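Remarks on the structure that follows.
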Amino acid sequence: MKWINRAALAVAASGMIAAGAQAATLDNIKKEGVLKCGVSQGLPGFSNPDDKGKWTGIDVDFCRAMAAAILGDASKVKYVPLSAKVRFTALQSGEIDVLSRNTTWTFTRDTNLGINFVGVLYYDGQGFMVRKKLGVTSALKLSGAQVCTNTGTTTELNVADYFKSHNMQYKVVAFENSNEVVAAYDAGRCDVYTTDRSGLAAQRTKMKNPDEHMVLPEVISKEPLGPAVRQGDDQFANIARWTLNAMIIAEELGVTSKNADQMKSAKNPEIKRLLGTDGKYGSYIGLDNDWAYRIVKQVGNYAEVYDRNVKPIGLERGVNNLWNKGGILYAPPFR
Amino acid sequence: MAMDDVVTPRYAPGQHPALPAPASTVGVVGWLRANLFSTGPDTSLTLVPFGVAFLAAAWFGGVSIMGSIVIGILIAVGVRIVARVAFGNPVIDNTVLTIVGAIIIFLIADVLLNFTIFDAVWSASGRADCAKSPDGACWGFVTARFSQFMYGFYPDAERWRVDVTGIFAIALIVPILFGQGRIRAYAVGLFLLAFPIVGFILMYGGLGLEIVPTNKWGGMMLTLVIAMTGITASLPLGVLLALGRRSDMPAIRNLCIVFIEFWRGVPLITVLFMASVMFPLFLPEGVTFNQLLRALIGVALFSAAYMAEVVRGGLQAIPKGQYEAASAMGLSYWKSMRLIVLPQALTIVIPGIVNSFIALFKDTTLVLIIGLFDFLGTIQTGLNDNAWAAPNVPMTGYVFAALVYWAFCFGMSRYSVRLERKLNTGRQH
Amino acid sequence: MSGAVSVTTETPKVAWFRDPRIRSLVFQAVTLLIVLLVGWYLVDNTIDNMRRQNIASGLGFLNDRAGFDIIQSLVPYTSDSSFGQAFVVGLLNTLLVAIIGIFFATLVGFVVGVARLSSNWLIAKMAAAYVETFRNIPLLLQIFFWYHAVLKPLPGPRDSISLLGVVYLNNRGLYLPSPEPFGGFYIVLGLFAAGIAATLWLLRRERKRQEATGERKPVLWTGLGLIFGVPVLAYFVIMLAVGNPLNFDVPALTGFNFTGGVTIIPELFSLVIALSVYTAAFIAENVRSGIQAVSHGQTEAAYALGFRPNLTMRLIIIPQALRVIIPPMTSQYLNLTKNSSLAVAIAYPDLVAVFMGTTLNQTGQAVEVVAITMGVYLLLSLGTAGLMNWYNARVALVER
């Protein structure tokens with residue numbers, strides 16, 4: 001059947017059919033002049049289109065940073081909105097180059113699905129939201145509660161494990177669409193709304209009276225959310241990994257989008273390496289020497305990205321602070 | 001009801017003494033039957049006021065279930081008494097039916113008009129404005145996002161291309177729907193052959209136009225693209241399948257039967273899911289179709305199966321003599337189909353075809369499940385926006401969507417009724 | 001194919017490639033070949049891709065622990081159950097909503113269809129408005145609408161609407177007491193069934209007698225005694241002799257919610273409303289055209305014989321109209337069943353939500369899961385179609 005495959009590839013060369021999952025991803029992106037980035041269908045703070053179709057969020061800014069590094073222009077991104085169900089298949093099949101969609105890094109996903117996670121963009125954990133007037137202050141008092149959540153994610157399993165391990169009864173009401181979860185919870189269908197704590201904070205702003213609800217202190221799972229690329233293209237994985245690291249290192253070194261130009265003449269050798277005024281570090285990953293400078297200049301360092309996107313939905317840095325400021329963000333040294 | 005008159009003596013004709021009334025006409029049961037449930041309308045005359053009063057008391061008046069039942073019974077009996085006194089027996093059914101109908105209409109209109117007009121917020125710049133009147137619609141949300149609902153994420157500067165395509169489409173569809181003879185034939189030809197190419201180039205790009213990738217397509221534009229592609233692709237496919245199902249060749253016939261029954265037997269969401277998630281698995285490594293194209297193929301195959309059954313109905317209605325006459329004239333199979341049978345069969349089933357189009361149009365809403373931003377999808381995206389996160393906004397969005405879909409489908413269904421009448425009058429005399 | 005050529009060249013006038021039989025054979029063979037090749041190509045690619053991408057295959061996953069909970073289950077199910085059991089739960093939930101939906105859709109559809117032909121102008125127009133409204137709005141939107149229309153007016157669990165302190169209604173569902181019979185109760189149930197059977201037999205005997213002699217004896221009290229009297233008597237006898245044969249598990253408010261009894265969740269309720277209201281609009285149209293297909297002479301003849309309008313409808317028109325109504329109604333039933341797959345939008349745990357949603361996500365075995373799901377719907381469709389065809393044949397036989 002090889003001739004049919006060849007014919008199919010020939011057809012693929014024309015029109016609306018795209019080929020080339022196994023070609024070097026970097027060359028493809030440079031040839032097409034655009035980075036195909038898988039994002040969510042709308043989650044404030046992470047990836048959300050506004051009324052003009054302009055995407056914003058921390059996941060989106062990661063895509064923009066990669067585009068700035070590879071193509072020199074942060075706006076050269078094609079956003080592909082994906083539901084939770086189809087996200088991994090889209091990456092495997094080459095429909096997108098990088099998956100930046102508030103996706104939890106787990107063992108199975110990293111090994112068994114043909115994809116590789118390159119780091120953690122946001123440390124999250126699953127939490128519970130309840131109405132204040134219920135008078136509940138701890139998740140351990142939730143026995144007998146009805147819980148609203150999303151299908152197709154790890155939250156359904158986490159909540160089952162949590163209630164079982166604490167010997168508590170509960171009923172789960174699982175919706176396809178997070179808008180419906182919020183609407184149903186707000187209408188009183190459930191006592192508890194559970195999802196990642198960042199999601200709780202983002203969705204709380206949509207309630208009729210956000211002040212009537214509170215997030216319980218318990219974090220019942222680890223949810224390291226990070227970008228992922230296909231297995232088997234190490235160069236591209238390196239670019240993705242070091243785009244993320246460069247953003248964190250820039251914050252450590254105090255390089256921001258505003259002072260990037262002055263910093264180019266700074267004496268600190270690590271800043272010099274980062275901004276490409278010393279060495280040929282860009283060539284090691286197939287890019288020019290200014291790649292990290294462009295990331296910082298066009299998109300900003302991690303703190304700028306966080307403050308622009310995640311702060312407005314009411315989430316402080318917390319564990320997502322730098323390691324030397326009480327958090328667990330820790331990028332390997334740039335040398 | 002004594003038990004001892006079991007004996008059945010014979011009487012001369014006309015001499016039989018009067019028997020006791022049938023059980024169903026005496027006692028409590030008899031009273032109930034005679035007074036509350038004697039005819040269908042009578043029954044509803046009892047049940048409808050009861051139901052309305054019960055629901056009104058329980059849901060809107062906040063009365064407990066038992067209290068509501070009591071109120072319901074009282075109102076139902078009251079209605080009966082008033083009716084009997086006021087109208088006498090023969091007319092009451094009709095009159096009271098009218099009154100009950102009017103009350104129901106009033107209740108529905110009250111809810112609808114309050115939400116859409118009287119309590120609505122007409123201009124708003126964000127959630128704070130919407131929240132001022134939480135029981136009414138917030139149309140400001142719709143006007144603020146209207147262009148996105150229409151074009152999705154299509155670049156602002158290029159939207160004229162969509163408009164031009166739309167004008168083209170309307171210019172061709174109007175003569176197809178209402179034109180006569182040759183003009184109509186030309187329009188159909190242009191619509192099937194030239195329009196898809198022109199429309200594709202206009203909207204996708206090429207020939208000097210900037211390329212707008214399909215992931216930026218969205219809103220009403222995408223809905224119409226899916227619906228119109230589905231319609232134009234499913235009709236010829238459906239005709240072929242219907243012919244195949246009636247073919248003399250067993251292999252072809254059975255293949256077509258299996259194909260048709262398969263697609264008719266599975267829900268569209270499973271089809272779309274397969275098209276969007278699993279299709280890459282069926283192709284060699286590295287080959288993948290555009291996601292929109294995959295969804296289009298799924299929708300077209302699905303509706304082709306339904307179309308095939310509609311067309312088959314038309315083929316069966318053609319008298320056998322027509323087939324025989326065509327063969328007698330020495331026409332080949334395809335010629336006799338093209339010139340004799342199909343023109344007649346398709347004319348008969350035009351209303352059915354339009355109904356399949358309506359179904360297809362409504363079904364396009366399901367593509368939102370596979371991550372395409374169709375009309376409903378863009379509205380849901382709008383609901384994600386924090387700037388518009390007020391409690392009345394989701395219902396506003398859904399009501400707006402319902403109105404738009406309704407307008408399209410109702411238009412098509414009126415057209416189908418009109419055609420049906422036209423065809424019927426032509427047939428009967 | 002060349003073998004076939006040599007066989008048929010003996011007919012001199014027609015070249016072999018013009019012989020319709022040969023052409024048809026060749027055409028069929030080529031078509032079959034193409035279909036097989038394409039099928040093989042797709043299967044080959046799929047197997048190849050799955051092997052290369054290390055995607056697990058086979059049905060072994062059905063025995064693995066599911067790990068998630070389901071809100072409504074007709075059979076015992078916990079998060080320790082297997083994916084296979086989750087599949088059964090989803091399937092039963094789909095069947096449940098489909099059967100209830102079909103029942104109400106038929107009921108409403110018949111009422112609206114007959115109302116469309118009412119001589120009362122307002123009623124006829126209201127029925128027409130019903131049909132044109134609900135038929136022309138996408139079902140997904142209607143499901144969302146009904147879900148919120150059901151949820152909105154209902155109070156929270158602590159302010160539940162209570163009926164006699166045993167039935168409770170709130171926005172978590174309708175809580176009913178569930179019967180918990182003991183051994184002796186089945187005797188009562190048996191007597192109850194026997195009572196119904198005996199009464200039916202009595203009724204039939206009396207009807208025959210009435211036909212033969214014109215006389216009729218009422219069986220109401222005898223029947224009531226047989227159906228209710230005897231079982232109630234037995235109940236008390238058992239209660240005195242052995243102990244109460246039937247207890248009720250009455251729902252009670254414990255903590256956040258009611259526990260005990262049977263719960264009808266609002267998702268089931270709204271889905272049934274949405275599906276039956278939507279499908280009834282189509283059924284109403286089928287009913288209307290079916291009734292219109294019966295010649296008006298039938299009505300006139302019935303009136304001439306002294307039938308009242310509703311009897312005419314019930315005894316003369318509807319039985320004849322059924323022959324026209326049933327085939328299109330079959331496809332409406334099938335549509336309703338398939339449309340119930342939209343349940344996941346409002347969190348009703350049907351087959352698609354539980355199996356093609358959660359199970360697929362946990363196992364990643366898309367090919368098997370989707371194939372099984374499609375197969376189930378296909379079987380349901382063919383089964384319903386078969387059943388309705390059988391019924392249709394029976395109705396047709398009763399008529400001439």
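Going by the structure tokens order, chains are called A, B, ..., each with residues numbered from 1, while ligands are numbered from 1 in the order shown.
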Contact residues (chain C, partner chain B, 6 Å, only C-alpha atoms) as a tab-separated table (two decimals) with C-alpha atoms, in the first residue's frame:
```
chain	number	residue	atom	x	y	z
C	28	GLN	CA	-20.12	-4.73	-9.05
C	42	LEU	CA	-7.83	2.50	6.43
C	45	ASN	CA	-3.14	2.60	8.53
C	46	THR	CA	-5.00	2.52	11.81
C	136	ASN	CA	-37.26	25.15	14.24
C	137	ILE	CA	-34.90	25.67	17.17
C	138	PRO	CA	-31.83	23.47	17.58
C	218	PRO	CA	-71.60	-4.21	36.92
C	338	LYS	CA	-29.98	9.32	19.03
C	374	MET	CA	-21.66	3.48	17.50
C	377	TYR	CA	-26.73	3.02	18.81
C	378	LEU	CA	-26.85	1.06	15.57
C	381	SER	CA	-31.86	1.80	15.92
```
Item to check | Proximal residues of chain A relative to chain C (only C-alpha atoms; 6 Å) as a ChimeraX atom specification | outcome: /A:145,152,157,160,171-176,189
Checklist entry - Near chain A, which residues of chain B fall within 8 Å when you count only C-alpha atoms, and what do they look like as a ChimeraX atom specification? => result /B:144-145,148,152-154,215,276-278,280,284-290,293,369-372,380-386,389-391
Serialized selection, N, CA and C atoms, as a compact mmCIF listing (two decimals), in the first residue's frame:
```txt
# COMPACT_ATOMS: atom_id res chain seq x y z
N ALA B 144 -22.66 44.43 21.29
CA ALA B 144 -21.22 44.60 21.44
C ALA B 144 -20.46 43.52 20.69
N ARG B 145 -21.02 42.33 20.65
CA ARG B 145 -20.28 41.22 20.04
C ARG B 145 -20.86 40.79 18.70
N GLN B 148 -18.66 39.67 15.90
CA GLN B 148 -18.01 38.38 16.12
C GLN B 148 -18.99 37.23 15.90
N GLY B 152 -17.01 35.50 13.30
CA GLY B 152 -16.02 34.78 14.09
C GLY B 152 -14.78 35.63 14.23
N PHE B 153 -13.61 35.02 14.01
CA PHE B 153 -12.36 35.74 14.18
C PHE B 153 -11.79 36.17 12.84
N TYR B 154 -12.62 36.24 11.85
CA TYR B 154 -12.18 36.67 10.52
C TYR B 154 -11.62 38.09 10.65
N ASN B 215 -9.21 28.32 10.58
CA ASN B 215 -9.45 28.41 12.02
C ASN B 215 -9.89 29.80 12.44
N SER B 276 -13.23 14.32 13.83
CA SER B 276 -12.25 15.29 14.32
C SER B 276 -11.13 14.64 15.11
N VAL B 277 -11.42 13.59 15.86
CA VAL B 277 -10.39 13.04 16.73
C VAL B 277 -9.71 11.82 16.12
N MET B 278 -10.52 10.95 15.48
CA MET B 278 -9.94 9.68 15.08
C MET B 278 -9.47 9.63 13.65
N PRO B 280 -7.29 11.24 11.85
CA PRO B 280 -5.85 11.17 11.59
C PRO B 280 -5.30 9.76 11.79
N PRO B 284 -2.21 7.65 6.67
CA PRO B 284 -0.80 7.40 6.93
C PRO B 284 -0.20 8.50 7.80
N GLU B 285 0.87 8.13 8.46
CA GLU B 285 1.53 9.07 9.36
C GLU B 285 1.85 10.36 8.63
N GLY B 286 1.56 11.47 9.26
CA GLY B 286 1.96 12.76 8.72
C GLY B 286 0.95 13.37 7.78
N VAL B 287 -0.06 12.62 7.34
CA VAL B 287 -1.08 13.22 6.49
C VAL B 287 -2.27 13.58 7.36
N THR B 288 -2.71 14.81 7.24
CA THR B 288 -3.89 15.18 8.00
C THR B 288 -4.70 16.20 7.23
N PHE B 289 -6.01 16.07 7.31
CA PHE B 289 -6.89 17.03 6.66
C PHE B 289 -7.10 18.22 7.56
N ASN B 290 -7.46 19.29 6.96
CA ASN B 290 -7.93 20.44 7.70
C ASN B 290 -9.15 20.04 8.55
N LEU B 293 -12.56 20.73 7.06
CA LEU B 293 -12.88 19.84 5.96
C LEU B 293 -13.38 18.49 6.48
N ILE B 369 -19.02 21.02 19.60
CA ILE B 369 -18.46 19.98 20.44
C ILE B 369 -17.04 19.61 20.00
N ILE B 370 -16.75 19.75 18.70
CA ILE B 370 -15.39 19.40 18.25
C ILE B 370 -14.52 20.63 18.10
N GLY B 371 -14.91 21.75 18.71
CA GLY B 371 -14.00 22.88 18.79
C GLY B 371 -14.03 23.83 17.62
N LEU B 372 -15.10 23.80 16.82
CA LEU B 372 -15.24 24.83 15.79
C LEU B 372 -16.15 25.91 16.36
N GLN B 380 -21.07 31.24 22.85
CA GLN B 380 -20.55 30.67 24.09
C GLN B 380 -19.20 31.26 24.45
N THR B 381 -18.38 31.56 23.43
CA THR B 381 -17.11 32.23 23.71
C THR B 381 -17.37 33.57 24.38
N GLY B 382 -18.38 34.27 23.88
CA GLY B 382 -18.74 35.55 24.47
C GLY B 382 -19.10 35.40 25.94
N LEU B 383 -19.74 34.28 26.27
CA LEU B 383 -20.15 34.06 27.66
C LEU B 383 -18.94 33.86 28.57
N ASN B 384 -17.78 33.48 27.96
CA ASN B 384 -16.56 33.28 28.74
C ASN B 384 -15.94 34.59 29.18
N ASP B 385 -16.38 35.68 28.55
CA ASP B 385 -15.71 36.96 28.75
C ASP B 385 -16.10 37.55 30.11
N ASN B 386 -15.09 37.80 30.93
CA ASN B 386 -15.37 38.36 32.25
C ASN B 386 -16.08 39.70 32.18
N ALA B 389 -19.72 39.08 32.34
CA ALA B 389 -20.18 38.00 33.21
C ALA B 389 -21.28 38.47 34.14
N ALA B 390 -22.48 38.63 33.60
CA ALA B 390 -23.63 38.96 34.43
C ALA B 390 -24.61 37.80 34.34
N PRO B 391 -25.44 37.60 35.37
CA PRO B 391 -26.30 36.41 35.40
C PRO B 391 -27.30 36.34 34.25
```
Item to check | Shell of 8 Å around Tyr170 (chain A), only C-alpha atoms, local chain residues under 2 positions omitted, as a PyMOL selection string | outcome: chain A and resi 142-147+163+168+172
Expected file: the selected residues, N, CA and C atoms, as a PDB file, in the first residue's frame:
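Below is the file that was written, again.pdb:
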```pdb
ATOM      1  N   LEU A 142     -17.392  18.021  53.913  1.00  0.00           N
ATOM      2  CA  LEU A 142     -18.254  18.058  52.741  1.00  0.00           C
ATOM      3  C   LEU A 142     -19.041  16.768  52.531  1.00  0.00           C
ATOM      4  N   SER A 143     -19.028  15.854  53.520  1.00  0.00           N
ATOM      5  CA  SER A 143     -19.718  14.585  53.308  1.00  0.00           C
ATOM      6  C   SER A 143     -21.190  14.811  52.976  1.00  0.00           C
ATOM      7  N   GLY A 144     -21.681  14.108  51.956  1.00  0.00           N
ATOM      8  CA  GLY A 144     -23.076  14.238  51.545  1.00  0.00           C
ATOM      9  C   GLY A 144     -23.300  15.327  50.519  1.00  0.00           C
ATOM     10  N   ALA A 145     -22.243  16.025  50.115  1.00  0.00           N
ATOM     11  CA  ALA A 145     -22.406  17.163  49.208  1.00  0.00           C
ATOM     12  C   ALA A 145     -22.602  16.705  47.759  1.00  0.00           C
ATOM     13  N   GLN A 146     -23.190  17.581  46.968  1.00  0.00           N
ATOM     14  CA  GLN A 146     -23.259  17.367  45.521  1.00  0.00           C
ATOM     15  C   GLN A 146     -22.234  18.281  44.875  1.00  0.00           C
ATOM     16  N   VAL A 147     -21.426  17.704  43.968  1.00  0.00           N
ATOM     17  CA  VAL A 147     -20.248  18.382  43.455  1.00  0.00           C
ATOM     18  C   VAL A 147     -20.379  18.588  41.953  1.00  0.00           C
ATOM     19  N   PHE A 163     -12.823  11.892  48.121  1.00  0.00           N
ATOM     20  CA  PHE A 163     -13.959  11.557  48.968  1.00  0.00           C
ATOM     21  C   PHE A 163     -13.872  10.124  49.457  1.00  0.00           C
ATOM     22  N   MET A 168     -16.080   9.757  52.739  1.00  0.00           N
ATOM     23  CA  MET A 168     -17.212  10.677  52.678  1.00  0.00           C
ATOM     24  C   MET A 168     -18.087  10.324  51.479  1.00  0.00           C
ATOM     25  N   VAL A 172     -21.554  13.354  42.094  1.00  0.00           N
ATOM     26  CA  VAL A 172     -20.861  14.216  41.138  1.00  0.00           C
ATOM     27  C   VAL A 172     -21.774  14.542  39.960  1.00  0.00           C
TER      28      VAL A 172
END
```
Checklist entry - Hey, what's within 9 Å of Arg308 (chain A) if we count only C-alpha atoms and toss same-chain stuff fewer than 5 positions away? As a ChimeraX atom specification, please? => result /A:45,57-58,303
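Closest to Ile264 (chain C) among C:Gly39, C:Gly306, C:Gly58, C:Pro177 is C:Pro177, based on only C-alpha atoms.
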Item to check | Residues near Val239 (chain B), cut-off 8 Å, only C-alpha atoms, skip fewer than 5 positions along chain, as a PyMOL selection string | outcome: chain B and resi 307-308+311
Checklist entry - Can you list every residue in region 261-383 of chain B that DSSP puts in alpha helix (DSSP H), as a PyMOL selection string? => result chain B and resi 261-265+268-273+279-282+291-317+320-328+333-336+342-348+350-363+375-383
Item to check | For CA of Tyr281 (chain A) and CA of Ile239 (chain A), the interatomic separation in Å (one decimal) | outcome: 11.6 Å
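Here CA of Ala284 (chain C) stands at a distance of 17.2 Å from CA of Ser416 (chain B).
Across the structure, CA of Val225 (chain B) and CA of Asp374 (chain B) are spaced 9.6 Å apart.
Contact shell of region 225-231 of chain A at 7 Å (only C-alpha atoms; same-chain neighbours under 2 positions omitted): Leu91, Gln92, Asp97, Val98, Leu99, Ser100, Asn102, Thr103, Thr104, Trp105, Gly114, Ile115, Asn116, Phe117, Val118, Gly119, Val120, Leu121, Tyr122, Tyr123, Asp124, Glu223, Asp233 and Ala237 of chain A.
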Next on the checklist: From a backbone DSSP assignment, name each residue in region 45-288 of chain A labelled strand (DSSP E), as a VMD selection string.
Outcome noted: chain A and resid 48 to 49 55 to 56 77 to 81 98 to 99 115 to 117 122 to 124 126 to 131 145 to 150 170 to 175 192 to 196 213 to 215 223 to 225 228 to 230
Checklist entry - Can you tell me, as JSON, numbers by chain, what residues are no more than 9 Å from Ile29 (chain A) when counting only C-alpha atoms, ignoring any on the same chain fewer than 6 positions away? => result {"A": [35, 36, 70, 71, 97]}
